[in-house]
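Participant: Starting off with a structure, shown below.
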Amino acid sequence: MITLANEASAEGRIITIVLFTVMTAATLWVTVWARKYTRSAADFHSGGRSFTGLQNGLAIGSDYMSAASFLGIAGMIALFGYDGFLYSIGFLVAWLVALLLVAELLRNSGRFTMADVLSYRMRQRPVRTAASVSTLTVSIFYLLAQMVGAGALVALLLGISPGETYLGMSADTAKIVGIVTVGLLMISYVTFGGMKGTTYVQIIQAVVLMGGAALLCLLVLAMYDFNPGALMSDAARASGVGDAFLEPGQRYGVEVVGDAWQTMVNKLDLISLGLALVLGTAGLPHVLIRFYTVPDSKAARKSVNWGIGLIGTFYLFTLILGFGAAAVVGRDAIIGQDAAGNAAAPQLAEAVGLHFGGDFLGAVLLAVIAAAAFAAILSTVAGLTIASSSSLAHDFYNSVLRRGKATEKEEVRVARYAAVGVGVISVVLAIFAQSLNVAFLVGLAFAIAASANLPTILLSLFWKRFNTTGALAGIYGGLIAAVGLVFFSPVVSGKVDANGESTSLLPTGVDFAWFPLENPGLASIPIGLLCAIVGTLMSKERDDAKFARLQVRALTGAGAEKAEQH
């Protein structure tokens, strides 16, 4: 195991900050350049549907390989071994649902947002309002994860450990500065570049992220003579739990001796997490809007295939990064920098650099990996922000408040204002959620998407009887169930560690948890589906002719780009 220097050298800090600044400046230049080509609502919301399958696939991968993937999952694997990799498996398998059930049909049926499909054969205003509420809620939870990851990354980038200061900033202050910086950048990407600028930035950042991760993986494997078995054995020895590190049960599905109830709860929690990860992707707003950026359904399918290949390769990288961090950096050093493990991958980069070339290479490699991680964060937050702002402007402002009479110029202007509002809210909330692992925060967003969005999307596309009441009941029922169950779960209150310290969001002594699972998907997904079905059957509303037209649109794409109000 390699011992890291306690303090980053002044030279090392300068190198990391300069390289990071260059990457950020380059993406901002691309955003400003793209503004010249963002003239209409179609340009702002969907990039004019002008991207190829490969381009959109790279953007999808960049959108999806977020802070949760690069920082959160690597940290989870480093701290919990086998169980940490479960996130990678769930995230990847989820794309089969998106590919087989959603991508082509959604691309053909809508224009800019998820609500275009949901509201086609229903009453516009209530359904679009519900879709906007759901989109904003999912996006905020997902944005929190990216912001928290950014805070941890900036503190490490500046070489500030707990108890130390740099440029007058403590570690906590540096994390807040990082969160605010990401907020300002994501607002800039969306307000200036719209979908065109955001997509080009995401393509660049996908290349940076994959290149940085691949380089670090090669160097880690080189330390072990390209023998993954030796790497995993060393990781197990350094973990403190031996070979159990390579087996299930360190974090999920833990068997508690003498407590059958808690054992069952732990296993159900694992199933619940898996359901949310697998079903949530096809309901994530920032993923769904990417299907509208290509010219036809064939390109949509190709983009998902490219995305799956890119994402699958990247998740193999996270396995090497996670075990590498456990073996090279060590559990104590990882937790010492960030209790949730969010800084494990950058710490690994610095350690590997020190091993191969001393302080200078350590600083350079840290800068490269920090830039890659920041690229992942910025890419995802930009995608989430444009999904939220597009829904608020297109669905709520134009269709609900203005009843479809707003001009394209007005709609784009409102979308830019909405991007600023979403950014500010996300920054404020993220400051209070810094203690949570970013992969877990994303898991919550997936549960909400799987509970509120996916059932209504599928029923709208495939069930002739489905109607407005069912859509509203499904969206609000799934949303309230997911958020409510999380609020009354150990995530928020009542969970303590062996030392009696709170591991929940609220401090020790506050306990109003009655729902035993930390992941609500096992209960909230069926509730959302049941609400949609029962709501539909309780209403007499039915329009078979519009369903037939929707089927034609879903299969051919005819009329989707022009028709909005019906």
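As shown in the structure tokens, the chain order sets the letters A, B, ...; within each chain, residues go from 1, and ligands are also counted from 1 in the order they appear.
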Residues within 7 Å of stretch 172-174 of chain A, please, as a PyMOL selection string. Count only C-alpha atoms; anything in the same chain fewer than 5 positions from it doesn't count.

Facilitator: chain A and resi 151+154-155

Participant: Please provide the set of residues having any atom within 9 Å of A:Pro248, restricted to only C-alpha atoms, with same-chain residues fewer than 5 positions apart removed, written as a list in words.

Facilitator: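 Near A:Pro248, the qualifying residues are Gly81, Tyr82, Asp83, Gly253 and Val254 of chain A.
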
Participant: Kindly indicate which residue among A:Gln337, A:Ser390, A:Thr191, A:Thr293 lies nearest to A:Leu28, using only C-alpha atoms for the distances.

Facilitator: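 Answer, going by the shortest atom-to-atom distance: A:Thr191.
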
Participant: Please provide as a PDB file with all heavy atoms, in the first residue's frame all residues within 12 Å of A:Val428, with the sequence filter that same-chain residues fewer than 6 positions apart are discarded (counting only C-alpha atoms).

Facilitator:
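Full text of selection01.pdb as output:
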```
ATOM      1  N   ILE A 140     -33.785  17.275  -9.526  1.00  0.00           N
ATOM      2  CA  ILE A 140     -33.186  17.867  -8.326  1.00  0.00           C
ATOM      3  C   ILE A 140     -32.444  16.806  -7.524  1.00  0.00           C
ATOM      4  O   ILE A 140     -31.306  17.018  -7.075  1.00  0.00           O
ATOM      5  CB  ILE A 140     -34.259  18.544  -7.460  1.00  0.00           C
ATOM      6  CG1 ILE A 140     -34.783  19.810  -8.143  1.00  0.00           C
ATOM      7  CG2 ILE A 140     -33.703  18.878  -6.074  1.00  0.00           C
ATOM      8  CD1 ILE A 140     -33.757  20.909  -8.280  1.00  0.00           C
ATOM      9  N   LEU A 143     -29.339  15.969  -9.424  1.00  0.00           N
ATOM     10  CA  LEU A 143     -28.396  17.083  -9.374  1.00  0.00           C
ATOM     11  C   LEU A 143     -27.666  17.145  -8.038  1.00  0.00           C
ATOM     12  O   LEU A 143     -26.484  17.487  -7.979  1.00  0.00           O
ATOM     13  CB  LEU A 143     -29.135  18.402  -9.622  1.00  0.00           C
ATOM     14  CG  LEU A 143     -29.414  18.761 -11.085  1.00  0.00           C
ATOM     15  CD1 LEU A 143     -30.389  19.930 -11.160  1.00  0.00           C
ATOM     16  CD2 LEU A 143     -28.126  19.103 -11.811  1.00  0.00           C
ATOM     17  N   LEU A 144     -28.372  16.813  -6.954  1.00  0.00           N
ATOM     18  CA  LEU A 144     -27.735  16.811  -5.640  1.00  0.00           C
ATOM     19  C   LEU A 144     -26.513  15.908  -5.636  1.00  0.00           C
ATOM     20  O   LEU A 144     -25.466  16.249  -5.071  1.00  0.00           O
ATOM     21  CB  LEU A 144     -28.722  16.339  -4.568  1.00  0.00           C
ATOM     22  CG  LEU A 144     -29.829  17.306  -4.160  1.00  0.00           C
ATOM     23  CD1 LEU A 144     -30.700  16.681  -3.074  1.00  0.00           C
ATOM     24  CD2 LEU A 144     -29.250  18.617  -3.679  1.00  0.00           C
ATOM     25  N   MET A 147     -23.601  17.578  -7.437  1.00  0.00           N
ATOM     26  CA  MET A 147     -23.054  18.704  -6.671  1.00  0.00           C
ATOM     27  C   MET A 147     -22.206  18.224  -5.495  1.00  0.00           C
ATOM     28  O   MET A 147     -21.133  18.764  -5.225  1.00  0.00           O
ATOM     29  CB  MET A 147     -24.198  19.574  -6.135  1.00  0.00           C
ATOM     30  CG  MET A 147     -25.071  20.164  -7.211  1.00  0.00           C
ATOM     31  SD  MET A 147     -24.179  21.352  -8.219  1.00  0.00           S
ATOM     32  CE  MET A 147     -25.540  22.183  -8.998  1.00  0.00           C
ATOM     33  N   VAL A 148     -22.694  17.209  -4.789  1.00  0.00           N
ATOM     34  CA  VAL A 148     -21.950  16.664  -3.655  1.00  0.00           C
ATOM     35  C   VAL A 148     -20.619  16.096  -4.134  1.00  0.00           C
ATOM     36  O   VAL A 148     -19.562  16.309  -3.512  1.00  0.00           O
ATOM     37  CB  VAL A 148     -22.772  15.587  -2.928  1.00  0.00           C
ATOM     38  CG1 VAL A 148     -21.920  14.864  -1.886  1.00  0.00           C
ATOM     39  CG2 VAL A 148     -23.984  16.218  -2.253  1.00  0.00           C
ATOM     40  N   ILE A 176     -18.015  23.696  -0.525  1.00  0.00           N
ATOM     41  CA  ILE A 176     -19.097  24.614  -0.880  1.00  0.00           C
ATOM     42  C   ILE A 176     -18.729  25.421  -2.120  1.00  0.00           C
ATOM     43  O   ILE A 176     -19.554  25.640  -3.019  1.00  0.00           O
ATOM     44  CB  ILE A 176     -19.423  25.538   0.307  1.00  0.00           C
ATOM     45  CG1 ILE A 176     -20.009  24.727   1.463  1.00  0.00           C
ATOM     46  CG2 ILE A 176     -20.406  26.637  -0.115  1.00  0.00           C
ATOM     47  CD1 ILE A 176     -20.240  25.521   2.731  1.00  0.00           C
ATOM     48  N   VAL A 177     -17.467  25.848  -2.209  1.00  0.00           N
ATOM     49  CA  VAL A 177     -16.995  26.572  -3.385  1.00  0.00           C
ATOM     50  C   VAL A 177     -17.134  25.706  -4.635  1.00  0.00           C
ATOM     51  O   VAL A 177     -17.549  26.167  -5.709  1.00  0.00           O
ATOM     52  CB  VAL A 177     -15.527  27.018  -3.202  1.00  0.00           C
ATOM     53  CG1 VAL A 177     -14.955  27.535  -4.521  1.00  0.00           C
ATOM     54  CG2 VAL A 177     -15.429  28.097  -2.135  1.00  0.00           C
ATOM     55  N   ILE A 179     -19.290  23.258  -5.118  1.00  0.00           N
ATOM     56  CA  ILE A 179     -20.713  23.140  -5.441  1.00  0.00           C
ATOM     57  C   ILE A 179     -21.208  24.385  -6.170  1.00  0.00           C
ATOM     58  O   ILE A 179     -21.914  24.294  -7.183  1.00  0.00           O
ATOM     59  CB  ILE A 179     -21.518  22.900  -4.141  1.00  0.00           C
ATOM     60  CG1 ILE A 179     -21.223  21.503  -3.594  1.00  0.00           C
ATOM     61  CG2 ILE A 179     -23.019  23.075  -4.391  1.00  0.00           C
ATOM     62  CD1 ILE A 179     -21.789  21.246  -2.209  1.00  0.00           C
ATOM     63  N   VAL A 180     -20.836  25.558  -5.670  1.00  0.00           N
ATOM     64  CA  VAL A 180     -21.259  26.810  -6.301  1.00  0.00           C
ATOM     65  C   VAL A 180     -20.662  26.941  -7.704  1.00  0.00           C
ATOM     66  O   VAL A 180     -21.336  27.376  -8.646  1.00  0.00           O
ATOM     67  CB  VAL A 180     -20.850  28.017  -5.430  1.00  0.00           C
ATOM     68  CG1 VAL A 180     -21.145  29.322  -6.153  1.00  0.00           C
ATOM     69  CG2 VAL A 180     -21.595  27.971  -4.093  1.00  0.00           C
ATOM     70  N   GLY A 183     -22.552  24.824 -10.092  1.00  0.00           N
ATOM     71  CA  GLY A 183     -23.840  25.449 -10.353  1.00  0.00           C
ATOM     72  C   GLY A 183     -23.744  26.560 -11.379  1.00  0.00           C
ATOM     73  O   GLY A 183     -24.558  26.647 -12.309  1.00  0.00           O
ATOM     74  N   GLY A 421     -33.016  29.205 -12.107  1.00  0.00           N
ATOM     75  CA  GLY A 421     -33.732  28.819 -10.894  1.00  0.00           C
ATOM     76  C   GLY A 421     -33.389  27.426 -10.424  1.00  0.00           C
ATOM     77  O   GLY A 421     -33.143  27.193  -9.226  1.00  0.00           O
ATOM     78  N   VAL A 422     -33.350  26.462 -11.348  1.00  0.00           N
ATOM     79  CA  VAL A 422     -33.000  25.087 -10.999  1.00  0.00           C
ATOM     80  C   VAL A 422     -31.584  25.020 -10.449  1.00  0.00           C
ATOM     81  O   VAL A 422     -31.305  24.308  -9.471  1.00  0.00           O
ATOM     82  CB  VAL A 422     -33.142  24.166 -12.234  1.00  0.00           C
ATOM     83  CG1 VAL A 422     -32.552  22.796 -11.963  1.00  0.00           C
ATOM     84  CG2 VAL A 422     -34.606  24.030 -12.620  1.00  0.00           C
ATOM     85  N   GLN A 434     -24.037  17.026   1.881  1.00  0.00           N
ATOM     86  CA  GLN A 434     -22.673  16.641   1.544  1.00  0.00           C
ATOM     87  C   GLN A 434     -22.224  15.336   2.194  1.00  0.00           C
ATOM     88  O   GLN A 434     -21.248  14.733   1.759  1.00  0.00           O
ATOM     89  CB  GLN A 434     -21.707  17.756   1.958  1.00  0.00           C
ATOM     90  CG  GLN A 434     -21.913  19.041   1.192  1.00  0.00           C
ATOM     91  CD  GLN A 434     -20.950  20.121   1.634  1.00  0.00           C
ATOM     92  OE1 GLN A 434     -19.743  19.984   1.492  1.00  0.00           O
ATOM     93  NE2 GLN A 434     -21.471  21.189   2.199  1.00  0.00           N
TER      94      GLN A 434
END
```

Participant: Can you tell me which residues surround A:Asp543 at a distance of at most 10 Å, considering only C-alpha atoms, apart from same-chain residues fewer than 2 positions away, and format the answer as a VMD selection string?

Facilitator: chain A and resid 121 to 122 464 to 467 540 to 541 545 to 548

Participant: Expressed in Å to a single decimal, how great is the separation between atom CA of A:Ile527 and atom CA of A:Ala473?

Facilitator: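 For atom CA of A:Ile527 relative to atom CA of A:Ala473, the distance reads 10.0 Å.
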
Participant: Select from stretch 500-545 of chain A every residue with an atom at most 8 Å from any atom of stretch 450-460 of chain A, then for each give the shortest pair of atoms and their distance in Å to one decimal, using only C-alpha atoms, rows by chain and rising number, as a Markdown table.

Facilitator:
```
| residue | atom | partner | partner_atom | distance |
| --- | --- | --- | --- | --- |
| A:Gly521 | CA | A:Ser451 | CA | 7.0 |
| A:Ser524 | CA | A:Ser451 | CA | 5.7 |
| A:Ile525 | CA | A:Ser451 | CA | 4.1 |
| A:Pro526 | CA | A:Ser451 | CA | 7.4 |
| A:Ile527 | CA | A:Ser451 | CA | 7.5 |
| A:Gly528 | CA | A:Ser451 | CA | 5.1 |
| A:Leu529 | CA | A:Pro455 | CA | 5.5 |
| A:Ala532 | CA | A:Thr456 | CA | 6.9 |
```

Participant: Limited to N, CA, C and O atoms, could you put the picked residues into a file as a PDB file, in the first residue's frame?

Facilitator:
```
ATOM      1  N   GLY A 521     -37.948   1.530  -3.932  1.00  0.00           N
ATOM      2  CA  GLY A 521     -38.463   1.012  -5.199  1.00  0.00           C
ATOM      3  C   GLY A 521     -39.359  -0.204  -5.084  1.00  0.00           C
ATOM      4  O   GLY A 521     -40.343  -0.323  -5.811  1.00  0.00           O
ATOM      5  N   SER A 524     -42.633   1.496  -3.885  1.00  0.00           N
ATOM      6  CA  SER A 524     -43.131   2.664  -4.617  1.00  0.00           C
ATOM      7  C   SER A 524     -43.406   2.375  -6.095  1.00  0.00           C
ATOM      8  O   SER A 524     -44.329   2.963  -6.673  1.00  0.00           O
ATOM      9  N   ILE A 525     -42.647   1.479  -6.719  1.00  0.00           N
ATOM     10  CA  ILE A 525     -42.888   1.164  -8.134  1.00  0.00           C
ATOM     11  C   ILE A 525     -44.239   0.474  -8.323  1.00  0.00           C
ATOM     12  O   ILE A 525     -45.036   0.893  -9.171  1.00  0.00           O
ATOM     13  N   PRO A 526     -44.555  -0.580  -7.545  1.00  0.00           N
ATOM     14  CA  PRO A 526     -45.898  -1.160  -7.661  1.00  0.00           C
ATOM     15  C   PRO A 526     -47.006  -0.175  -7.302  1.00  0.00           C
ATOM     16  O   PRO A 526     -48.083  -0.204  -7.912  1.00  0.00           O
ATOM     17  N   ILE A 527     -46.757   0.707  -6.323  1.00  0.00           N
ATOM     18  CA  ILE A 527     -47.766   1.698  -5.954  1.00  0.00           C
ATOM     19  C   ILE A 527     -48.042   2.632  -7.127  1.00  0.00           C
ATOM     20  O   ILE A 527     -49.202   2.930  -7.447  1.00  0.00           O
ATOM     21  N   GLY A 528     -46.986   3.101  -7.792  1.00  0.00           N
ATOM     22  CA  GLY A 528     -47.170   3.973  -8.944  1.00  0.00           C
ATOM     23  C   GLY A 528     -47.952   3.300 -10.054  1.00  0.00           C
ATOM     24  O   GLY A 528     -48.861   3.896 -10.643  1.00  0.00           O
ATOM     25  N   LEU A 529     -47.607   2.050 -10.342  1.00  0.00           N
ATOM     26  CA  LEU A 529     -48.325   1.300 -11.381  1.00  0.00           C
ATOM     27  C   LEU A 529     -49.776   1.065 -10.992  1.00  0.00           C
ATOM     28  O   LEU A 529     -50.694   1.237 -11.806  1.00  0.00           O
ATOM     29  N   ALA A 532     -51.890   4.176 -11.319  1.00  0.00           N
ATOM     30  CA  ALA A 532     -52.203   4.468 -12.724  1.00  0.00           C
ATOM     31  C   ALA A 532     -53.345   3.589 -13.232  1.00  0.00           C
ATOM     32  O   ALA A 532     -54.250   4.065 -13.936  1.00  0.00           O
TER      33      ALA A 532
END
```

Participant: Write out as an mmCIF file with N, CA and C atoms, in the first residue's frame all residues of stretch 131-373 of chain A that backbone DSSP assigns to strand (DSSP E).

Facilitator:
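File selection-v6.cif, as written:
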```
data_model
loop_
_atom_site.group_PDB
_atom_site.id
_atom_site.type_symbol
_atom_site.label_atom_id
_atom_site.label_comp_id
_atom_site.auth_asym_id
_atom_site.auth_seq_id
_atom_site.Cartn_x
_atom_site.Cartn_y
_atom_site.Cartn_z
ATOM 1 N N THR A 165 -6.186 24.068 5.787
ATOM 2 C CA THR A 165 -6.704 25.202 5.023
ATOM 3 C C THR A 165 -5.808 25.473 3.820
ATOM 4 N N TYR A 166 -6.378 26.133 2.818
ATOM 5 C CA TYR A 166 -5.618 26.569 1.641
ATOM 6 C C TYR A 166 -6.301 27.808 1.093
ATOM 7 N N MET A 169 -9.267 28.768 2.922
ATOM 8 C CA MET A 169 -10.447 27.897 2.889
ATOM 9 C C MET A 169 -10.187 26.615 3.669
ATOM 10 N N SER A 170 -11.154 26.215 4.460
ATOM 11 C CA SER A 170 -11.118 24.901 5.084
ATOM 12 C C SER A 170 -11.655 23.881 4.090
#
```

Participant: Enter the distance from atom CA of A:Thr137 to atom CA of A:Leu429, in Å, rounded to one decimal.

Facilitator: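 One can read the atom CA of A:Thr137 to atom CA of A:Leu429 distance as 12.4 Å.
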
Participant: Given only C-alpha atoms as the basis, pick out the residue of A:Gly309, A:Gly357, A:Gly249, A:Gly178 nearest to A:Trp95.

Facilitator: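 With only C-alpha atoms as the atom set, the closest residue is A:Gly309.
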
Participant: Taking only residues of stretch 318-394 of chain A that have an atom at most 12 Å from an atom of stretch 67-78 of chain A, what is each one's shortest atom pair and its distance in Å to one decimal, using only C-alpha atoms, in chain and number order, as a Markdown table?

Facilitator:
```
| residue | atom | partner | partner_atom | distance |
| --- | --- | --- | --- | --- |
| A:Thr318 | CA | A:Ala74 | CA | 5.4 |
| A:Leu319 | CA | A:Ile77 | CA | 7.1 |
| A:Ile320 | CA | A:Ala74 | CA | 8.5 |
| A:Leu321 | CA | A:Ala74 | CA | 5.9 |
| A:Gly322 | CA | A:Ala74 | CA | 4.3 |
| A:Phe323 | CA | A:Ala78 | CA | 5.5 |
| A:Gly324 | CA | A:Ala78 | CA | 7.5 |
| A:Ala325 | CA | A:Ala78 | CA | 5.7 |
| A:Ala326 | CA | A:Ala78 | CA | 4.6 |
| A:Ala327 | CA | A:Ala78 | CA | 8.2 |
| A:Val328 | CA | A:Ala78 | CA | 10.1 |
| A:Val329 | CA | A:Ala78 | CA | 9.2 |
| A:Gly330 | CA | A:Ala78 | CA | 8.3 |
| A:Arg331 | CA | A:Ala78 | CA | 7.3 |
| A:Asp332 | CA | A:Ala78 | CA | 10.8 |
| A:Ala333 | CA | A:Ala78 | CA | 11.1 |
| A:Ile334 | CA | A:Gly75 | CA | 8.1 |
| A:Ile335 | CA | A:Gly75 | CA | 9.5 |
| A:Gln337 | CA | A:Gly75 | CA | 11.4 |
| A:Asp338 | CA | A:Gly75 | CA | 9.5 |
| A:Ala339 | CA | A:Gly75 | CA | 9.8 |
| A:Ala340 | CA | A:Gly75 | CA | 7.3 |
| A:Gly341 | CA | A:Gly75 | CA | 4.4 |
| A:Asn342 | CA | A:Leu71 | CA | 5.0 |
| A:Ala343 | CA | A:Leu71 | CA | 6.3 |
| A:Ala344 | CA | A:Gly75 | CA | 5.2 |
| A:Ala345 | CA | A:Ala74 | CA | 6.2 |
| A:Pro346 | CA | A:Leu71 | CA | 8.3 |
| A:Gln347 | CA | A:Gly75 | CA | 10.2 |
| A:Leu348 | CA | A:Ala74 | CA | 10.1 |
| A:Ile369 | CA | A:Phe70 | CA | 9.8 |
| A:Ala370 | CA | A:Leu71 | CA | 10.0 |
| A:Ala371 | CA | A:Phe70 | CA | 11.6 |
| A:Ala372 | CA | A:Phe70 | CA | 8.8 |
| A:Ala373 | CA | A:Phe70 | CA | 6.4 |
| A:Phe374 | CA | A:Ala67 | CA | 7.9 |
| A:Ala375 | CA | A:Ala67 | CA | 9.0 |
| A:Ala376 | CA | A:Ala67 | CA | 6.0 |
| A:Ile377 | CA | A:Ala67 | CA | 5.2 |
| A:Leu378 | CA | A:Ala67 | CA | 9.0 |
| A:Ser379 | CA | A:Ala67 | CA | 9.6 |
| A:Thr380 | CA | A:Ala67 | CA | 8.1 |
| A:Val381 | CA | A:Ala67 | CA | 9.6 |
```

Participant: Using only C-alpha atoms, which of the listed residues (A:Val412, A:Val241, A:Leu54, A:Met114) sits closest to A:Thr135?

Facilitator: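 For A:Thr135, the nearest of the given residues is A:Met114.
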
Participant: Compare A:Thr556, A:Val352, A:Cys531, A:Ala367 by their minimum atom-to-atom distance to A:Ala222, counting only C-alpha atoms, and give me the closest one.

Facilitator: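 Distance minimum relative to A:Ala222 lands on A:Val352.
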